[in-house]
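Student: Let me give you the structure first, and then I'll get to my questions.
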Amino acid sequence: MGRFPAKIDYENIRNARISENQARLASLGLQKTISELRSLTTPVKSPKRKYVKSDFGSVPLRRSSRLKQLNPSSPGGLIPTRRFLQLPLDSPVKSPNGKDGEEKERRPANAPFVDVRRCHSPDVSSERRCMSKGRGSIYDPVFGICCHFCRQKKLCGEEDCKRCNDLDVDQPCLGKTDCSVCHSSNGVLCRACLKVRYGEEMEEVRNNKQWKCPHCIEEEGSKPYWICNSSLCLKRRKMAPTGIAIFRAREMGYDSVAHLMMDELQRRGLKI
C-alpha cells in the first residue's frame, strides 16, 4: 500500500515540470518557430492528375512530306503508298522453271533451303571428324544433313549415295531416313542412331515407303509408350536424357534404347 503515494508524487512532479517548460517556451516565442519549421519540412503533395483518354479517331493522320507531293498521273493527285501484296492461299504457286499453274512439290527434310550449287565452296567441306560409316565421316555445313539424335551435319558413308558422293542435291540421301508422314527434321536419322536408339536397319527403312518416325507413331498411337528418346525431346518432356544407355539395354536383352524405355514407362505406368 505504501507504493501508490510515491507514484502519485512522481506524476505530480512530472506534470508540473512539463507545464513549466511549456510556459517557458511560450514566453520565449519558440513554440511558433517550431510549428513553422515543421510546416516547411512537411512535403506538399502534388494534386493527382486526371487521366483523359485521347480520341485518336478524330485526329488527322500524319503524312510524310513525300506523300504530300502532287503526282498528276495518280488518281487524286497524290503518290500512292506502297503495300505488301500477299498472295491468297488458293493462288497458284510458280514452279522453279517459271511456269504458272504448277504446284510446287513439298520440300523434303533433307533438301537444302538455298541453291547450294552457287554458294558451296570446296574449301569449306572435307573436314574429317571420324571414320564412322553409320554417321558419316566428313562434316559439310552446306551438303551435310543433320541427324535428329546425334545432330552431326555430315555426308553419309554409303557407297551408292549420289547426293553425298557426287554432291547432287536432286538425289535423295541413302544414309538418312525420311518420314513418309511429316517429312520434317524429326524423322531424319543416320544409320547408327537408327540402329542403336530405335533398333531398325537402314535397308529395311529404305525399302519401306510407308516408314514413320517415332513422333508420328506416337501421335497415331499404334505403339503405346513408344517415344523419341533424343535429348531434345526428353528435355521437352522434363525427363533426363538417357546418355549411353545402349550397353545397359543390350545387357538386359533389349534391341535398342527405345525398347528399354518403352518397357520402363509401361512398368511404371507413366502417362506420355
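Ordering of the C-alpha cells sets the chain letters (A, B, ...), residue numbers begin anew at 1 in every chain, and ligands are numbered from 1 in the order given.
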Using only C-alpha atoms, find each residue of region 126-183 of chain A with at least one atom at most 7 Å away from an atom of region 190-199 of chain A; report its shortest atom-to-atom pair and that distance in Å (one decimal), sort the rows by chain and rising residue number, and return the result as a tab-separated table.
Tutor:
residue	atom	partner	partner_atom	distance
A:Gly134	CA	A:Ala192	CA	4.6
A:Arg135	CA	A:Cys190	CA	5.5
A:Cys147	CA	A:Cys190	CA	5.8
A:Phe149	CA	A:Cys193	CA	6.7
A:Gly175	CA	A:Cys190	CA	5.9
A:Lys176	CA	A:Cys190	CA	4.8
A:Thr177	CA	A:Cys190	CA	6.7
Student: To one decimal in Å, tell me the separation between CA of Lys223 (chain A) and CA of Asp263 (chain A).
Tutor: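 Computing the Euclidean distance for CA of Lys223 (chain A) and CA of Asp263 (chain A) yields 11.7 Å.
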Student: Nearest to Ile246 (chain A): which of A:Ser184, A:His259, A:Leu234, A:Asp178 is it, counting only C-alpha atoms?
Tutor: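 Ranked by minimum distance to Ile246 (chain A), first place goes to A:His259.
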Student: State, in Å with one decimal place, the distance from CA of Leu265 (chain A) to CA of Pro241 (chain A).
Tutor: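 Separation of CA of Leu265 (chain A) and CA of Pro241 (chain A): 14.2 Å.
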